[in-house]
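> One structure, pasted below without further comment.
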Amino acid sequence: MSPATTQNQRTPAADTRVDVRKTYKLYIGGKFPRSESGRSYEVTDAKGRFLANAAQGSRKDARDAVVAARGAVAGWAGATAYNRGQVLYRVAEVMEGRRAQFVAEVRASEGVTERQAESLVSQAIDRWVWYAGWSDKYAQVLGGLNPVAGPYFDISAPEPTGVVAVLAPQASSLLGLVSVVAPVIVSGNTAVVLTSELRPLPAITLSEALATSDVPGGVVNLITGRTAEVAPWLASHRDVNAIDLAGAAGAADVVWGDLELAAAENLKRVLRPAGTSADAVEPDWTRTPDLSRLTAFLETKTVWHPKGR
Amino acid sequence: MAKFEYAPAPESRAVVDLKPSYGLFINGEFTETEGGSAFKSISPATEEVLAEVTDASEADVDRAVAAARRAFNGAWGRMSGADRGKYLFRIARILQERAREFAVLETLDNGKPIKESRDVDVPLAAAHFFYHAGWADKLEYASLGSNPRPHGVVGQVIPWNFPLLMLAWKIAPALAAGNTVVLKPAETTPLTALLFAEVCQQADLPAGVVNIVTGAGATGQAIVDHPGVDKLAFTGSTGVGKMIARSIAGTRKKATLELGGKAANIIFDDAAIDQAVEGIVNGIFFNQGHVCCAGSRLLVQESIADDVDKRLKRRLSTLRVGDPLDKNTDVGAINSKAQLQRITELTAAGEAEGATRWSPECELPSKGFWFRPTVFTGVSQTHRIAQEEIFGPVLSVLTFRTPHEAVAKANNTPYGLSAGVWTEKGSRILWMADQLRAGVVWANTFNKFDPTSPFGGYKESGYGREGGRHGLEAYVTTEGKA
């Protein structure tokens with residue numbers, strides 16, 4: 001009898017083994033804390049079966065995340081565009097290596113087929129690559145020399161706006177999430193993200209990919225929990241520069257106009273959810289994006305300098 | 001003060017695994033020549049034979065162009081921009097992974113100091129692929145015109161001064177835009193291009209997208225003349241550039257030419273002199289002066305000329321000339337015997353025409369091709385060393401009194417590739433930049449390169465730009481273009 005067979009007799013077969021399950025926590029400042037509130041909530045799959053207890057983030061968690069995001073702005077915005085592009089590309093590399101886990105979680109969260117989940121994960125990975133390529137190009141596309149009528153060198157260039165609060169899409173738990181986070185951080189902004197309320201698990205797994213992809217701690221902070229509870233604190237936070245309201249669509253008890261109203265207090269840049277009138281709809285994230293989500297979180301800086309011998 | 005001695009710090013050659021001989025990389029694999037011959041690639045620092053390389057025949061070029069055409073009409077032409085980009089990202093990553101191997105091989109084959117191949121050539125080559133990878137699916141954002149499309153098969157001929165980097169400047173944008181490539185590396189420096197062929201294999205790049213044919217002038221001419229080539233890209237001498245421009249006259253072939261230079265490095269009296277001296281040294285002694293945009297003419301304002309002269313010579317006395325594989329070496333070997341002869345001839349003409357020659361004391365190795373860093377003072381505008389590209393570690397110093405005189409002298413060559421301006425006055429930098437007929441103007445710095453920044457010349461330094469959004473233009477055609 002070979003040692004391998006002996007081993008097999010001693011080890012329970014895969015289907016009878018008691019597996020080790022993951023504790024799903026928040027991701028703030030590069031660390032994985034539980035909610036300071038000590039609360040959690042039950043996350044189920046599309047058919048209502050128990051998946052996990054996720055941390056139920058609080059106002060204090062959100063405020064801690066803003067502090068972490070603000071602290072990360074200088075380093076991240078100060079990194080070269082080439083460096084940021086490589087880091088975003090690295091996220092794609094690391095996700096590719098963990099795709100089986102993403103596929104399983106997207107499938108469970110969204111109730112899609114294996115094949116659909118595979119496609120959604122592939123597109124999420126490719127979206128990182130798409131935005132990685134933009135890091136050192138959008139300035140050339142959006143900026144440039146202004147031919148002013150005088151002896152002046154005059155150039156306009158985009159800069160990141162700072163800390164961006166992001167309400168991640170409710171339905172598209174991974175592709176939608178990547179589609180809103182990547183365009184925020186590629187230019188040097190940092191993000192505080194409220195994940196999909198009912199489908200938060202792929203986001204937490206993404207945070208594990210981010211933590212091992214050379215993304216500096218604090219650049220992306222993820223909070224799971226009740227959107228309606230936490231979003232108003234981010235919308236009214238005086239140290240948040242902009243807010244993406246994509247995840248207002250389909251979120252229980254969230255009126256995006258109220259969040260925009262609160263955001264007006266310090267003139268946050270607001271990216272409204274898709275839709276017409278007061279409705280908020282979740283867009284089709286499988287469509288190739290354009291530059292609009294990236295430009296929404298940029299400032300334009302114009303520099304004048306005289307010319308003369 | 002006692003002289004500070006350096007211990008030898010040789011970089012290991014063990015990382016490089018050279019084959020005794022190399023075939024041609026055509027259609028995704030190494031193949032034997034059809035009717036061509038062989039030549040040897042040597043290390044210019046020791047004259048040691050590194051490997052035997054194929055001198056490709058016209059039939060070989062024909063096979064390479066056919067393979068490139070098949071790839072263009074086949075897998076590569078049908079591929080989405082996003083997928084093309086993924087191959088380029090792979091290549092960038094493999095170049096980063098094998099960076100040390102490329103750096104050592106580049107230094108062996110070219111003679112440049114290992115600190116330059118390690119810190120400049122190879123990282124910049126990888127960065128070029130990474131940058132252009134991102135463009136592959138974003139061409140419609142580049143303001144090139146409506147519906148940008150590739151030309152087809154691109155023939156590319158590159159020089160020996162930055163073998164891998166020039167390969168990257170050529171191949172990355174061509175592939176990003178969807179073209180396929182037949183590239184000929186320089187006769188004296190083919191080895192990193194052949195190693196790059198292995199990178200293409202590791203990346204699973206479809207066969208025929210990149211074809212590498214080695215050889216000399218005749219092989220290059222066969223590429224230029226081949227009717228199956230839609231577009232040419234050449235970096236090299238102005239003489240050969242003019243031959244190419246004549247060869248394609250009356251045809252529909254397109255070309256970009258990045259040719260010689262005789263850059264002025266202009267130092268005003270308010271400049272930070274020590275920084276300027278570093279910039280002068282970097283400008284002309286980087287890569288042994290084998291740089292088309294080298295700051296080979298120093299224009300210094302008369303009131304500070306003596307001071308600059310003194311500080312420059314003191315600084316040059318500290319340069320370490322010798323073994324390119326030594327990590328402390330500043331100036332390596334001259335790339336070839338022929339180039340050494342040209343430098344020797346032009347510097348002799350400098351003396352004969354009355355300029356004053358100076359070199360620091362330094363011992364040169366007994367084998368290989370070497371030339372001491374050299375400064376000529378008292379140079380006038382009509383001297384050959386003020387007009388002709390020497391392409392070696394030789395600086396010609398002229399003086400000026402006013403900004404207008406500096407501009408007139410700086411622009412007084414047939415070339416227009418680059419220029420340097422050193423002054424603490426911002427408005428003067430920008431005024432000078434407007435007046436200088438040069439494609440790149442460096443202010444209070446010199447010899448800076450980045451994949452995002454367009455590079456190329458005015459006048460007889462060629463046409464077209466490489467790098468940045470502007471560099472893509474050469475590799476696409478659009479609806480509005482005739």
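Every chain in the structure tokens takes a letter, A first, then B, and so on in the order presented; its residues are numbered from 1, and the ligands are numbered from 1 following the presented order.
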Residues at most 8 Å from region 288-296 of chain A, counting only C-alpha atoms, excluding those fewer than 6 positions away in the same chain, as a ChimeraX atom specification?

/A:180,183-184,186-187,269-271

> Select, as a PyMOL selection string, those residues of chain B with any atom no more than 6 Å from chain A (distances computed using only C-alpha atoms).

chain B and resi 134+427-428+430-431

> Excluding Gln56 (chain A) and its own-chain neighbours fewer than 2 positions away, which residues fall within 12 Å of it when counting only C-alpha atoms? Please give them as a PyMOL selection string.

chain A and resi 24-26+33-43+53-54+58-62+194-198+200+222-230

> With N, CA and C atoms retained, could you export that selection as an mmCIF file, in the first residue's frame?


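Dumped to selection.cif:
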data_model
loop_
_atom_site.group_PDB
_atom_site.id
_atom_site.type_symbol
_atom_site.label_atom_id
_atom_site.label_comp_id
_atom_site.auth_asym_id
_atom_site.auth_seq_id
_atom_site.Cartn_x
_atom_site.Cartn_y
_atom_site.Cartn_z
ATOM 1 N N TYR A 24 -16.050 37.731 7.179
ATOM 2 C CA TYR A 24 -16.092 38.894 6.276
ATOM 3 C C TYR A 24 -16.070 40.166 7.110
ATOM 4 N N LYS A 25 -15.046 40.955 6.891
ATOM 5 C CA LYS A 25 -14.896 42.160 7.715
ATOM 6 C C LYS A 25 -14.809 43.407 6.829
ATOM 7 N N LEU A 26 -14.657 44.551 7.461
ATOM 8 C CA LEU A 26 -14.502 45.800 6.705
ATOM 9 C C LEU A 26 -13.055 45.909 6.209
ATOM 10 N N PRO A 33 -10.758 45.492 9.913
ATOM 11 C CA PRO A 33 -11.404 45.510 11.233
ATOM 12 C C PRO A 33 -12.842 45.006 11.147
ATOM 13 N N ARG A 34 -13.396 44.563 12.297
ATOM 14 C CA ARG A 34 -14.843 44.385 12.381
ATOM 15 C C ARG A 34 -15.435 45.778 12.557
ATOM 16 N N SER A 35 -16.750 45.882 12.458
ATOM 17 C CA SER A 35 -17.361 47.183 12.702
ATOM 18 C C SER A 35 -17.151 47.575 14.155
ATOM 19 N N GLU A 36 -16.808 48.866 14.376
ATOM 20 C CA GLU A 36 -16.639 49.322 15.764
ATOM 21 C C GLU A 36 -17.934 49.181 16.535
ATOM 22 N N SER A 37 -19.071 49.089 15.799
ATOM 23 C CA SER A 37 -20.372 48.973 16.459
ATOM 24 C C SER A 37 -20.612 47.559 16.971
ATOM 25 N N GLY A 38 -19.790 46.623 16.558
ATOM 26 C CA GLY A 38 -19.975 45.238 16.968
ATOM 27 C C GLY A 38 -21.131 44.552 16.268
ATOM 28 N N ARG A 39 -21.746 45.241 15.291
ATOM 29 C CA ARG A 39 -22.935 44.658 14.655
ATOM 30 C C ARG A 39 -22.559 43.848 13.420
ATOM 31 N N SER A 40 -23.393 42.914 13.083
ATOM 32 C CA SER A 40 -23.267 42.227 11.803
ATOM 33 C C SER A 40 -24.662 41.982 11.253
ATOM 34 N N TYR A 41 -24.728 41.617 9.970
ATOM 35 C CA TYR A 41 -26.041 41.281 9.405
ATOM 36 C C TYR A 41 -25.897 40.079 8.491
ATOM 37 N N GLU A 42 -27.018 39.391 8.334
ATOM 38 C CA GLU A 42 -26.986 38.132 7.620
ATOM 39 C C GLU A 42 -27.013 38.378 6.112
ATOM 40 N N VAL A 43 -26.093 37.746 5.416
ATOM 41 C CA VAL A 43 -26.061 37.840 3.949
ATOM 42 C C VAL A 43 -26.487 36.487 3.389
ATOM 43 N N ASN A 53 -22.212 36.122 7.813
ATOM 44 C CA ASN A 53 -22.554 37.321 8.555
ATOM 45 C C ASN A 53 -21.547 38.399 8.162
ATOM 46 N N ALA A 54 -22.038 39.484 7.581
ATOM 47 C CA ALA A 54 -21.134 40.578 7.197
ATOM 48 C C ALA A 54 -21.150 41.650 8.278
ATOM 49 N N SER A 58 -20.881 51.340 10.546
ATOM 50 C CA SER A 58 -21.592 52.408 11.252
ATOM 51 C C SER A 58 -21.106 53.779 10.778
ATOM 52 N N ARG A 59 -21.723 54.821 11.322
ATOM 53 C CA ARG A 59 -21.255 56.192 11.080
ATOM 54 C C ARG A 59 -19.780 56.329 11.464
ATOM 55 N N LYS A 60 -19.418 55.770 12.598
ATOM 56 C CA LYS A 60 -18.025 55.884 13.058
ATOM 57 C C LYS A 60 -17.078 55.163 12.103
ATOM 58 N N ASP A 61 -17.480 53.991 11.613
ATOM 59 C CA ASP A 61 -16.643 53.286 10.637
ATOM 60 C C ASP A 61 -16.423 54.154 9.396
ATOM 61 N N ALA A 62 -17.511 54.790 8.948
ATOM 62 C CA ALA A 62 -17.411 55.646 7.765
ATOM 63 C C ALA A 62 -16.454 56.800 8.020
ATOM 64 N N LEU A 194 -19.201 52.338 -0.011
ATOM 65 C CA LEU A 194 -20.248 51.527 0.610
ATOM 66 C C LEU A 194 -20.585 50.434 -0.385
ATOM 67 N N THR A 195 -20.418 49.204 0.013
ATOM 68 C CA THR A 195 -20.609 48.107 -0.937
ATOM 69 C C THR A 195 -22.091 47.864 -1.154
ATOM 70 N N SER A 196 -22.394 47.004 -2.116
ATOM 71 C CA SER A 196 -23.769 46.540 -2.281
ATOM 72 C C SER A 196 -24.262 46.021 -0.926
ATOM 73 N N GLU A 197 -25.456 46.472 -0.552
ATOM 74 C CA GLU A 197 -25.945 46.128 0.789
ATOM 75 C C GLU A 197 -26.226 44.628 0.912
ATOM 76 N N LEU A 198 -26.915 44.082 -0.072
ATOM 77 C CA LEU A 198 -27.348 42.689 0.018
ATOM 78 C C LEU A 198 -26.347 41.716 -0.607
ATOM 79 N N PRO A 200 -22.608 41.868 -0.538
ATOM 80 C CA PRO A 200 -21.320 42.505 -0.197
ATOM 81 C C PRO A 200 -20.108 41.574 -0.284
ATOM 82 N N LEU A 222 -13.472 49.900 2.168
ATOM 83 C CA LEU A 222 -14.762 49.286 1.852
ATOM 84 C C LEU A 222 -15.550 49.069 3.135
ATOM 85 N N ILE A 223 -16.793 49.519 3.097
ATOM 86 C CA ILE A 223 -17.668 49.354 4.259
ATOM 87 C C ILE A 223 -18.909 48.600 3.823
ATOM 88 N N THR A 224 -19.167 47.489 4.482
ATOM 89 C CA THR A 224 -20.398 46.751 4.235
ATOM 90 C C THR A 224 -21.446 47.214 5.244
ATOM 91 N N GLY A 225 -22.713 47.058 4.896
ATOM 92 C CA GLY A 225 -23.751 47.469 5.843
ATOM 93 C C GLY A 225 -24.952 48.030 5.125
ATOM 94 N N ARG A 226 -25.731 48.843 5.856
ATOM 95 C CA ARG A 226 -26.974 49.387 5.330
ATOM 96 C C ARG A 226 -26.705 50.721 4.635
ATOM 97 N N THR A 227 -26.935 50.783 3.346
ATOM 98 C CA THR A 227 -26.649 52.004 2.574
ATOM 99 C C THR A 227 -27.400 53.195 3.158
ATOM 100 N N ALA A 228 -28.676 52.994 3.462
ATOM 101 C CA ALA A 228 -29.490 54.114 3.936
ATOM 102 C C ALA A 228 -28.984 54.657 5.264
ATOM 103 N N GLU A 229 -28.336 53.806 6.054
ATOM 104 C CA GLU A 229 -27.833 54.256 7.352
ATOM 105 C C GLU A 229 -26.545 55.068 7.213
ATOM 106 N N VAL A 230 -25.628 54.595 6.376
ATOM 107 C CA VAL A 230 -24.275 55.179 6.352
ATOM 108 C C VAL A 230 -24.126 56.287 5.299
#

> For a test of reading the model, state the distance in Å between CA of Gln387 (chain B) and CA of Ile284 (chain B), rounded to one decimal.

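We find that CA of Gln387 (chain B) and CA of Ile284 (chain B) lie 15.3 Å from each other.
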
> Env of Arg199 (chain A): 8 Å cut, atoms = only C-alpha atoms, seq-sep filter 5 positions within chain, self excluded. Answer as a list in words.

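In the requested format, the answer is Val43, Ser109, Glu110, Gln170, Ala171 and Ser173 of chain A.
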
> Using only C-alpha atoms, can you tell me which of B:Leu144, B:Ala82, B:Ala68, B:Ile248 comes closest to Leu183 (chain B)?

B:Ala68

> Neighbouring residues of Glu208 (chain A) were defined as those with any atom within 10 Å, considering only C-alpha atoms; residues of the same chain fewer than 3 positions away were excluded. Please report them as a ChimeraX atom specification.

/A:27,30-32,94-95,202-205,211-213

> Using only C-alpha atoms, determine which residues lie at most 9 Å from Val192 (chain A), disregarding the query and same-chain residues fewer than 3 positions distant; provide the list as a PyMOL selection string.

chain A and resi 28+62+65-66+68-69+163-167+218-223+234

> So the first atom is CA of Leu108 (chain B) and the second is CA of Phe162 (chain B); what is the distance between them in Å, to one decimal place?

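We find that CA of Leu108 (chain B) and CA of Phe162 (chain B) lie 12.7 Å from each other.
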
> What's around Gly416 (chain B) at 6 Å? Count only C-alpha atoms, leave out sequence neighbours fewer than 5 positions away in its own chain, and write the answer as an MDAnalysis selection string.

chainID B and resid 437:438 457:459 461

> Please report, as an mmCIF file with C-alpha atoms, in the first residue's frame, each residue of region 8-193 of chain B to which DSSP assigns strand (DSSP E) when run on this structure's backbone.


data_model
loop_
_atom_site.group_PDB
_atom_site.id
_atom_site.type_symbol
_atom_site.label_atom_id
_atom_site.label_comp_id
_atom_site.auth_asym_id
_atom_site.auth_seq_id
_atom_site.Cartn_x
_atom_site.Cartn_y
_atom_site.Cartn_z
ATOM 1 C CA SER B 21 24.737 31.273 -33.354
ATOM 2 C CA TYR B 22 21.340 32.765 -34.086
ATOM 3 C CA LEU B 24 16.163 34.802 -37.966
ATOM 4 C CA PHE B 25 12.913 35.207 -36.027
ATOM 5 C CA ILE B 26 10.235 34.809 -38.677
ATOM 6 C CA GLU B 29 10.142 30.833 -34.693
ATOM 7 C CA PHE B 30 13.856 30.940 -35.316
ATOM 8 C CA THR B 31 14.667 29.826 -38.838
ATOM 9 C CA SER B 37 25.447 34.519 -44.715
ATOM 10 C CA ALA B 38 26.677 35.006 -41.162
ATOM 11 C CA PHE B 39 28.595 37.649 -39.247
ATOM 12 C CA LYS B 40 29.914 37.957 -35.721
ATOM 13 C CA SER B 41 28.676 40.256 -33.005
ATOM 14 C CA ILE B 42 31.501 41.301 -30.728
ATOM 15 C CA VAL B 49 33.129 37.322 -30.158
ATOM 16 C CA LEU B 50 29.748 37.010 -28.446
ATOM 17 C CA ALA B 51 27.773 35.079 -31.059
ATOM 18 C CA GLU B 52 27.358 34.460 -34.736
ATOM 19 C CA VAL B 53 24.373 36.186 -36.284
ATOM 20 C CA THR B 54 22.611 35.816 -39.626
ATOM 21 C CA ASP B 55 23.069 38.335 -42.418
ATOM 22 C CA ARG B 149 -6.881 52.011 -38.459
ATOM 23 C CA PRO B 150 -3.442 50.375 -38.800
ATOM 24 C CA VAL B 153 3.027 45.766 -42.330
ATOM 25 C CA VAL B 154 5.614 48.125 -40.877
ATOM 26 C CA GLY B 155 9.317 47.881 -41.688
ATOM 27 C CA GLN B 156 11.553 49.204 -38.939
ATOM 28 C CA VAL B 157 15.301 49.762 -38.943
ATOM 29 C CA THR B 180 2.589 43.907 -37.714
ATOM 30 C CA VAL B 181 6.333 44.393 -37.821
ATOM 31 C CA VAL B 182 9.520 43.412 -39.600
ATOM 32 C CA LEU B 183 12.393 44.884 -37.629
ATOM 33 C CA LYS B 184 16.099 44.953 -38.350
#

> Using only C-alpha atoms for the distances, tell me which of B:Ala272, B:Ala294, B:Ile304, B:Met79 is nearest to Pro206 (chain B).

B:Met79
